[in-house]
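Trainee: There's a structure below that I have some questions on.
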Amino acid sequence: MLTTLKTSYTDTRAADLAWALGREPLPALAVLDLELSGAKLQLRLLGASHQVLLEEEGGRCSETVACMPGSSTPLPLGVSKRVGEWEYEFAARVETLTHGSFAGRAQELLALVADHPNGLAGTFPGSPHAFTAMLAQRHEGQVRWRTWHAYPQEGQLVVTRTRIGARMPATL
């Protein structure tokens, strides 16, 4: 699903993004509710930010990547932790692209997400390459999502990947 977000583009620096687990739902500009083999997943666009809410038999989890005033947790390169009965893994990277490369990558990503049944993307008024996009799936018992936060004025694209699922038994 592709939507034009009815808001000004305010989260304008990739370096301002922060990461948090366990936050309550924040006001969303666009929402996509999904059912993935028993897992209820809600993808939420928060301006140039995102929030994912997951509810399954094993519990609940929320992930927020946003410009959060007063947050002391900057966007990490990677996180691996236990959340209830689940293993949670998060990874982020920042891609810096030339103007021409950025425009092509933006078009490619928006095309990928726009028509995908588990995809949500929002563009901002004023720049066709200012967007936030999310794509979710269930694979081998795990729920996974990818996100892209575009900052065309900086030529930066923040890419995140998350995987959450049941703890795997230890092998000897």
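Scheme for the structure tokens: letters A, B, ... for chains in order shown; per-chain residue numbers from 1; ligand numbers from 1 in order shown.
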With 7 Å as the cut-off and only C-alpha atoms counted, what is the closest atom pair between each nearby residue of region 36-115 of chain A and region 137-160 of chain A? Distances in Å to one decimal, ordered by chain and number, as a tab-separated table.
Mentor:
residue	atom	partner	partner_atom	distance
A:Leu36	CA	A:Arg138	CA	6.1
A:Ala48	CA	A:His149	CA	6.2
A:Ser49	CA	A:His149	CA	7.0
A:Ala91	CA	A:Thr160	CA	5.6
A:Ala92	CA	A:Thr160	CA	4.3
A:Arg93	CA	A:Val159	CA	5.4
A:Val94	CA	A:Val158	CA	4.5
A:Glu95	CA	A:Leu157	CA	5.1
A:Thr96	CA	A:Gln156	CA	4.5
A:Leu97	CA	A:Gly155	CA	5.2
A:Thr98	CA	A:Gly155	CA	6.2
A:His99	CA	A:Gly155	CA	6.3
A:Phe102	CA	A:Gly155	CA	6.3
Trainee: Using only C-alpha atoms, determine which residues lie at most 7 Å from Val65 (chain A), disregarding the query and same-chain residues fewer than 6 positions distant; provide the list as an mmCIF file with all heavy atoms, in the first residue's frame.
Mentor:
data_model
loop_
_atom_site.group_PDB
_atom_site.id
_atom_site.type_symbol
_atom_site.label_atom_id
_atom_site.label_comp_id
_atom_site.auth_asym_id
_atom_site.auth_seq_id
_atom_site.Cartn_x
_atom_site.Cartn_y
_atom_site.Cartn_z
ATOM 1 N N LEU A 17 17.490 9.702 14.198
ATOM 2 C CA LEU A 17 16.680 8.528 14.505
ATOM 3 C C LEU A 17 17.185 7.825 15.757
ATOM 4 O O LEU A 17 18.388 7.718 15.993
ATOM 5 C CB LEU A 17 16.700 7.531 13.337
ATOM 6 C CG LEU A 17 15.880 7.900 12.117
ATOM 7 C CD1 LEU A 17 16.084 6.872 11.021
ATOM 8 C CD2 LEU A 17 14.410 8.029 12.459
ATOM 9 N N ALA A 18 16.242 7.343 16.537
ATOM 10 C CA ALA A 18 16.547 6.561 17.732
ATOM 11 C C ALA A 18 15.733 5.277 17.667
ATOM 12 O O ALA A 18 14.746 5.175 16.932
ATOM 13 C CB ALA A 18 16.201 7.363 18.990
ATOM 14 N N TRP A 19 16.118 4.304 18.466
ATOM 15 C CA TRP A 19 15.488 2.986 18.484
ATOM 16 C C TRP A 19 14.967 2.718 19.882
ATOM 17 O O TRP A 19 15.620 3.080 20.872
ATOM 18 C CB TRP A 19 16.531 1.952 18.081
ATOM 19 C CG TRP A 19 16.147 0.539 18.343
ATOM 20 C CD1 TRP A 19 15.461 -0.294 17.508
ATOM 21 C CD2 TRP A 19 16.455 -0.240 19.500
ATOM 22 N NE1 TRP A 19 15.314 -1.521 18.089
ATOM 23 C CE2 TRP A 19 15.917 -1.504 19.312
ATOM 24 C CE3 TRP A 19 17.120 0.042 20.698
ATOM 25 C CZ2 TRP A 19 16.026 -2.523 20.270
ATOM 26 C CZ3 TRP A 19 17.234 -0.958 21.647
ATOM 27 C CH2 TRP A 19 16.690 -2.220 21.426
ATOM 28 N N ALA A 20 13.813 2.065 19.967
ATOM 29 C CA ALA A 20 13.271 1.693 21.283
ATOM 30 C C ALA A 20 12.420 0.435 21.153
ATOM 31 O O ALA A 20 11.729 0.242 20.150
ATOM 32 C CB ALA A 20 12.431 2.824 21.857
ATOM 33 N N SER A 49 9.313 8.038 10.315
ATOM 34 C CA SER A 49 9.650 7.058 11.334
ATOM 35 C C SER A 49 8.705 5.874 11.217
ATOM 36 O O SER A 49 7.730 5.912 10.481
ATOM 37 C CB SER A 49 9.501 7.672 12.727
ATOM 38 O OG SER A 49 10.107 8.940 12.788
ATOM 39 N N HIS A 50 8.991 4.816 11.992
ATOM 40 C CA HIS A 50 8.081 3.672 11.976
ATOM 41 C C HIS A 50 7.912 3.082 13.368
ATOM 42 O O HIS A 50 8.735 3.287 14.250
ATOM 43 C CB HIS A 50 8.567 2.591 11.003
ATOM 44 C CG HIS A 50 9.624 1.672 11.565
ATOM 45 N ND1 HIS A 50 10.958 1.832 11.298
ATOM 46 C CD2 HIS A 50 9.529 0.585 12.366
ATOM 47 C CE1 HIS A 50 11.645 0.869 11.912
ATOM 48 N NE2 HIS A 50 10.801 0.107 12.572
ATOM 49 N N GLN A 51 6.815 2.325 13.485
ATOM 50 C CA GLN A 51 6.568 1.536 14.680
ATOM 51 C C GLN A 51 5.907 0.246 14.213
ATOM 52 O O GLN A 51 5.039 0.260 13.332
ATOM 53 C CB GLN A 51 5.651 2.283 15.654
ATOM 54 C CG GLN A 51 5.496 1.576 16.990
ATOM 55 C CD GLN A 51 4.734 2.432 17.998
ATOM 56 O OE1 GLN A 51 3.669 2.948 17.700
ATOM 57 N NE2 GLN A 51 5.297 2.563 19.186
#
Trainee: Report as a ChimeraX atom specification all protein, DNA and RNA residues lying within 6 Å of region 112-124 of chain A, evaluated on only C-alpha atoms, omitting residues in the same chain fewer than 6 positions from it.
Mentor: /A:1-5,130-136
Trainee: For the residues selected in the previous step, produce a file with N, CA, C and O atoms as a compact mmCIF listing (two decimals), in the first residue's frame.
Mentor:
# COMPACT_ATOMS: atom_id res chain seq x y z
N MET A 1 0.85 -1.18 0.00
CA MET A 1 0.00 0.00 0.00
C MET A 1 0.90 1.24 0.00
O MET A 1 1.82 1.34 0.80
N LEU A 2 0.61 2.14 -0.91
CA LEU A 2 1.35 3.40 -1.00
C LEU A 2 0.39 4.54 -0.72
O LEU A 2 -0.70 4.59 -1.26
N THR A 3 0.82 5.44 0.15
CA THR A 3 -0.02 6.57 0.51
C THR A 3 0.82 7.84 0.55
O THR A 3 2.04 7.77 0.76
N THR A 4 0.18 8.97 0.32
CA THR A 4 0.84 10.26 0.52
C THR A 4 0.49 10.72 1.93
O THR A 4 -0.69 10.81 2.28
N LEU A 5 1.49 10.97 2.73
CA LEU A 5 1.27 11.35 4.12
C LEU A 5 0.87 12.81 4.21
O LEU A 5 1.50 13.66 3.58
N ALA A 130 11.19 11.53 -0.67
CA ALA A 130 11.12 11.52 0.79
C ALA A 130 10.03 10.53 1.17
O ALA A 130 8.85 10.74 0.88
N PHE A 131 10.43 9.43 1.78
CA PHE A 131 9.45 8.38 2.09
C PHE A 131 9.92 7.52 3.26
O PHE A 131 11.10 7.53 3.63
N THR A 132 8.97 6.78 3.81
CA THR A 132 9.24 5.70 4.74
C THR A 132 8.49 4.50 4.20
O THR A 132 7.33 4.62 3.80
N ALA A 133 9.14 3.34 4.17
CA ALA A 133 8.52 2.13 3.63
C ALA A 133 8.81 0.95 4.55
O ALA A 133 9.86 0.90 5.20
N MET A 134 7.85 0.02 4.60
CA MET A 134 7.97 -1.17 5.46
C MET A 134 7.44 -2.38 4.71
O MET A 134 6.46 -2.29 3.97
N LEU A 135 8.06 -3.53 4.96
CA LEU A 135 7.65 -4.77 4.33
C LEU A 135 7.82 -5.89 5.34
O LEU A 135 8.88 -6.01 5.95
N ALA A 136 6.77 -6.70 5.54
CA ALA A 136 6.80 -7.76 6.56
C ALA A 136 6.58 -9.13 5.91
O ALA A 136 5.97 -9.24 4.85
Trainee: Could you jot down the CA of Pro76 (chain A) to CA of Arg105 (chain A) separation for me, Å, one decimal place?
Mentor: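 Distance reported for this atom pair: 23.1 Å.
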Trainee: For a quick check of understanding, using only C-alpha atoms, which of A:Gly22, A:Gly126, A:Gly84, A:Gly104 has the smallest distance to Val52 (chain A)?
Mentor: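 So, comparing all the options, the nearest one is A:Gly22.
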Trainee: Could you please write out, as an NGL selection string, every residue of region 33-130 of chain A that DSSP assigns to strand (DSSP E)?
Mentor: :A and (33-36 or 39-45 or 50-56 or 59-66 or 78-83 or 86-96 or 119-124 or 127-130)
Trainee: Would you give me, as a PDB file with all heavy atoms, in the first residue's frame, the residues in chain A that DSSP reads as helix (DSSP H, G or I)?
Mentor:
ATOM      1  N   ALA A  14      18.899  11.678   9.195  1.00  0.00           N
ATOM      2  CA  ALA A  14      19.055  10.271   9.547  1.00  0.00           C
ATOM      3  C   ALA A  14      19.696  10.125  10.927  1.00  0.00           C
ATOM      4  O   ALA A  14      19.349   9.233  11.701  1.00  0.00           O
ATOM      5  CB  ALA A  14      19.894   9.566   8.488  1.00  0.00           C
ATOM      6  N   ALA A  15      20.616  11.023  11.258  1.00  0.00           N
ATOM      7  CA  ALA A  15      21.339  10.942  12.535  1.00  0.00           C
ATOM      8  C   ALA A  15      20.425  11.174  13.739  1.00  0.00           C
ATOM      9  O   ALA A  15      20.798  10.852  14.866  1.00  0.00           O
ATOM     10  CB  ALA A  15      22.478  11.952  12.550  1.00  0.00           C
ATOM     11  N   ASP A  16      19.216  11.712  13.521  1.00  0.00           N
ATOM     12  CA  ASP A  16      18.300  11.968  14.634  1.00  0.00           C
ATOM     13  C   ASP A  16      17.442  10.757  15.002  1.00  0.00           C
ATOM     14  O   ASP A  16      16.729  10.801  16.000  1.00  0.00           O
ATOM     15  CB  ASP A  16      17.377  13.145  14.307  1.00  0.00           C
ATOM     16  CG  ASP A  16      18.133  14.469  14.270  1.00  0.00           C
ATOM     17  OD1 ASP A  16      19.238  14.543  14.851  1.00  0.00           O
ATOM     18  OD2 ASP A  16      17.615  15.412  13.656  1.00  0.00           O
ATOM     19  N   HIS A  99      22.921  11.864  -5.846  1.00  0.00           N
ATOM     20  CA  HIS A  99      21.557  12.316  -6.151  1.00  0.00           C
ATOM     21  C   HIS A  99      20.876  11.386  -7.156  1.00  0.00           C
ATOM     22  O   HIS A  99      19.748  10.954  -6.946  1.00  0.00           O
ATOM     23  CB  HIS A  99      21.582  13.760  -6.670  1.00  0.00           C
ATOM     24  CG  HIS A  99      20.213  14.286  -6.984  1.00  0.00           C
ATOM     25  ND1 HIS A  99      19.300  14.598  -6.003  1.00  0.00           N
ATOM     26  CD2 HIS A  99      19.605  14.519  -8.179  1.00  0.00           C
ATOM     27  CE1 HIS A  99      18.179  15.006  -6.576  1.00  0.00           C
ATOM     28  NE2 HIS A  99      18.344  14.972  -7.898  1.00  0.00           N
ATOM     29  N   GLY A 100      21.556  11.047  -8.235  1.00  0.00           N
ATOM     30  CA  GLY A 100      20.979  10.180  -9.252  1.00  0.00           C
ATOM     31  C   GLY A 100      20.729   8.768  -8.745  1.00  0.00           C
ATOM     32  O   GLY A 100      19.682   8.174  -9.017  1.00  0.00           O
ATOM     33  N   SER A 101      21.669   8.229  -7.997  1.00  0.00           N
ATOM     34  CA  SER A 101      21.501   6.889  -7.422  1.00  0.00           C
ATOM     35  C   SER A 101      20.365   6.869  -6.414  1.00  0.00           C
ATOM     36  O   SER A 101      19.617   5.902  -6.333  1.00  0.00           O
ATOM     37  CB  SER A 101      22.790   6.428  -6.746  1.00  0.00           C
ATOM     38  OG  SER A 101      23.814   6.281  -7.679  1.00  0.00           O
ATOM     39  N   PHE A 102      20.256   7.949  -5.645  1.00  0.00           N
ATOM     40  CA  PHE A 102      19.208   8.028  -4.635  1.00  0.00           C
ATOM     41  C   PHE A 102      17.831   7.978  -5.291  1.00  0.00           C
ATOM     42  O   PHE A 102      16.952   7.238  -4.855  1.00  0.00           O
ATOM     43  CB  PHE A 102      19.347   9.301  -3.800  1.00  0.00           C
ATOM     44  CG  PHE A 102      18.482   9.309  -2.586  1.00  0.00           C
ATOM     45  CD1 PHE A 102      18.974   8.865  -1.373  1.00  0.00           C
ATOM     46  CD2 PHE A 102      17.157   9.722  -2.642  1.00  0.00           C
ATOM     47  CE1 PHE A 102      18.168   8.842  -0.236  1.00  0.00           C
ATOM     48  CE2 PHE A 102      16.353   9.706  -1.522  1.00  0.00           C
ATOM     49  CZ  PHE A 102      16.862   9.265  -0.321  1.00  0.00           C
ATOM     50  N   ALA A 103      17.640   8.750  -6.350  1.00  0.00           N
ATOM     51  CA  ALA A 103      16.345   8.787  -7.036  1.00  0.00           C
ATOM     52  C   ALA A 103      15.982   7.410  -7.583  1.00  0.00           C
ATOM     53  O   ALA A 103      14.839   6.951  -7.434  1.00  0.00           O
ATOM     54  CB  ALA A 103      16.372   9.821  -8.160  1.00  0.00           C
ATOM     55  N   GLY A 104      16.941   6.719  -8.174  1.00  0.00           N
ATOM     56  CA  GLY A 104      16.685   5.382  -8.705  1.00  0.00           C
ATOM     57  C   GLY A 104      16.358   4.387  -7.621  1.00  0.00           C
ATOM     58  O   GLY A 104      15.441   3.570  -7.761  1.00  0.00           O
ATOM     59  N   ARG A 105      17.101   4.439  -6.528  1.00  0.00           N
ATOM     60  CA  ARG A 105      16.863   3.519  -5.397  1.00  0.00           C
ATOM     61  C   ARG A 105      15.496   3.802  -4.773  1.00  0.00           C
ATOM     62  O   ARG A 105      14.776   2.871  -4.425  1.00  0.00           O
ATOM     63  CB  ARG A 105      17.970   3.699  -4.352  1.00  0.00           C
ATOM     64  CG  ARG A 105      17.888   2.784  -3.177  1.00  0.00           C
ATOM     65  CD  ARG A 105      18.550   1.449  -3.457  1.00  0.00           C
ATOM     66  NE  ARG A 105      18.724   0.734  -2.206  1.00  0.00           N
ATOM     67  CZ  ARG A 105      18.157  -0.442  -1.957  1.00  0.00           C
ATOM     68  NH1 ARG A 105      17.431  -1.030  -2.869  1.00  0.00           N
ATOM     69  NH2 ARG A 105      18.338  -1.020  -0.793  1.00  0.00           N
ATOM     70  N   ALA A 106      15.119   5.067  -4.650  1.00  0.00           N
ATOM     71  CA  ALA A 106      13.813   5.430  -4.099  1.00  0.00           C
ATOM     72  C   ALA A 106      12.694   4.847  -4.960  1.00  0.00           C
ATOM     73  O   ALA A 106      11.751   4.236  -4.440  1.00  0.00           O
ATOM     74  CB  ALA A 106      13.676   6.949  -3.999  1.00  0.00           C
ATOM     75  N   GLN A 107      12.789   5.005  -6.267  1.00  0.00           N
ATOM     76  CA  GLN A 107      11.760   4.477  -7.164  1.00  0.00           C
ATOM     77  C   GLN A 107      11.679   2.960  -7.069  1.00  0.00           C
ATOM     78  O   GLN A 107      10.596   2.377  -7.040  1.00  0.00           O
ATOM     79  CB  GLN A 107      12.036   4.906  -8.606  1.00  0.00           C
ATOM     80  CG  GLN A 107      11.816   6.379  -8.830  1.00  0.00           C
ATOM     81  CD  GLN A 107      12.241   6.822 -10.223  1.00  0.00           C
ATOM     82  OE1 GLN A 107      13.001   6.151 -10.910  1.00  0.00           O
ATOM     83  NE2 GLN A 107      11.732   7.974 -10.635  1.00  0.00           N
ATOM     84  N   GLU A 108      12.821   2.308  -6.997  1.00  0.00           N
ATOM     85  CA  GLU A 108      12.884   0.849  -6.896  1.00  0.00           C
ATOM     86  C   GLU A 108      12.198   0.357  -5.608  1.00  0.00           C
ATOM     87  O   GLU A 108      11.400  -0.574  -5.640  1.00  0.00           O
ATOM     88  CB  GLU A 108      14.356   0.435  -6.915  1.00  0.00           C
ATOM     89  CG  GLU A 108      14.643  -1.006  -6.677  1.00  0.00           C
ATOM     90  CD  GLU A 108      16.153  -1.239  -6.585  1.00  0.00           C
ATOM     91  OE1 GLU A 108      16.698  -1.152  -5.460  1.00  0.00           O
ATOM     92  OE2 GLU A 108      16.778  -1.477  -7.633  1.00  0.00           O
ATOM     93  N   LEU A 109      12.514   0.995  -4.500  1.00  0.00           N
ATOM     94  CA  LEU A 109      11.939   0.571  -3.220  1.00  0.00           C
ATOM     95  C   LEU A 109      10.440   0.841  -3.148  1.00  0.00           C
ATOM     96  O   LEU A 109       9.674  -0.004  -2.665  1.00  0.00           O
ATOM     97  CB  LEU A 109      12.661   1.258  -2.064  1.00  0.00           C
ATOM     98  CG  LEU A 109      14.086   0.773  -1.829  1.00  0.00           C
ATOM     99  CD1 LEU A 109      14.810   1.684  -0.853  1.00  0.00           C
ATOM    100  CD2 LEU A 109      14.093  -0.675  -1.340  1.00  0.00           C
ATOM    101  N   LEU A 110      10.019   2.003  -3.617  1.00  0.00           N
ATOM    102  CA  LEU A 110       8.585   2.307  -3.587  1.00  0.00           C
ATOM    103  C   LEU A 110       7.808   1.341  -4.475  1.00  0.00           C
ATOM    104  O   LEU A 110       6.715   0.903  -4.113  1.00  0.00           O
ATOM    105  CB  LEU A 110       8.333   3.758  -3.984  1.00  0.00           C
ATOM    106  CG  LEU A 110       8.757   4.782  -2.930  1.00  0.00           C
ATOM    107  CD1 LEU A 110       8.675   6.199  -3.485  1.00  0.00           C
ATOM    108  CD2 LEU A 110       7.939   4.648  -1.660  1.00  0.00           C
ATOM    109  N   ALA A 111       8.362   0.957  -5.623  1.00  0.00           N
ATOM    110  CA  ALA A 111       7.704  -0.015  -6.495  1.00  0.00           C
ATOM    111  C   ALA A 111       7.622  -1.383  -5.814  1.00  0.00           C
ATOM    112  O   ALA A 111       6.602  -2.079  -5.899  1.00  0.00           O
ATOM    113  CB  ALA A 111       8.449  -0.126  -7.828  1.00  0.00           C
ATOM    114  N   LEU A 112       8.680  -1.779  -5.112  1.00  0.00           N
ATOM    115  CA  LEU A 112       8.702  -3.060  -4.402  1.00  0.00           C
ATOM    116  C   LEU A 112       7.604  -3.126  -3.345  1.00  0.00           C
ATOM    117  O   LEU A 112       6.882  -4.119  -3.231  1.00  0.00           O
ATOM    118  CB  LEU A 112      10.070  -3.264  -3.736  1.00  0.00           C
ATOM    119  CG  LEU A 112      10.188  -4.432  -2.757  1.00  0.00           C
ATOM    120  CD1 LEU A 112      10.216  -5.749  -3.509  1.00  0.00           C
ATOM    121  CD2 LEU A 112      11.438  -4.277  -1.902  1.00  0.00           C
ATOM    122  N   VAL A 113       7.462  -2.071  -2.567  1.00  0.00           N
ATOM    123  CA  VAL A 113       6.556  -2.075  -1.415  1.00  0.00           C
ATOM    124  C   VAL A 113       5.119  -1.732  -1.796  1.00  0.00           C
ATOM    125  O   VAL A 113       4.170  -2.285  -1.234  1.00  0.00           O
ATOM    126  CB  VAL A 113       7.074  -1.113  -0.329  1.00  0.00           C
ATOM    127  CG1 VAL A 113       6.110  -0.999   0.827  1.00  0.00           C
ATOM    128  CG2 VAL A 113       8.440  -1.580   0.172  1.00  0.00           C
ATOM    129  N   ALA A 114       4.914  -0.848  -2.757  1.00  0.00           N
ATOM    130  CA  ALA A 114       3.582  -0.304  -3.053  1.00  0.00           C
ATOM    131  C   ALA A 114       2.530  -1.368  -3.336  1.00  0.00           C
ATOM    132  O   ALA A 114       1.408  -1.280  -2.843  1.00  0.00           O
ATOM    133  CB  ALA A 114       3.658   0.672  -4.228  1.00  0.00           C
TER     134      ALA A 114
END
Trainee: Suppose you want the space between CA of Arg163 (chain A) and CA of Lys81 (chain A); what is it in Å?
Mentor: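 A separation of 10.9 Å between them.
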Trainee: Would you mind reading off the distance between CA of Cys67 (chain A) and CA of Ala30 (chain A), one decimal, in Å?
Mentor: 17.0 Å
Trainee: Which residues come within 9 Å of Phe90 (chain A), counting only C-alpha atoms, excluding same-chain residues fewer than 5 positions away, as a list in words?
Mentor: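 The neighbour list is Pro76, Leu77, Gly78, Val79, Ser80, Thr160, Arg161, Thr162, Arg163 and Ile164 of chain A.
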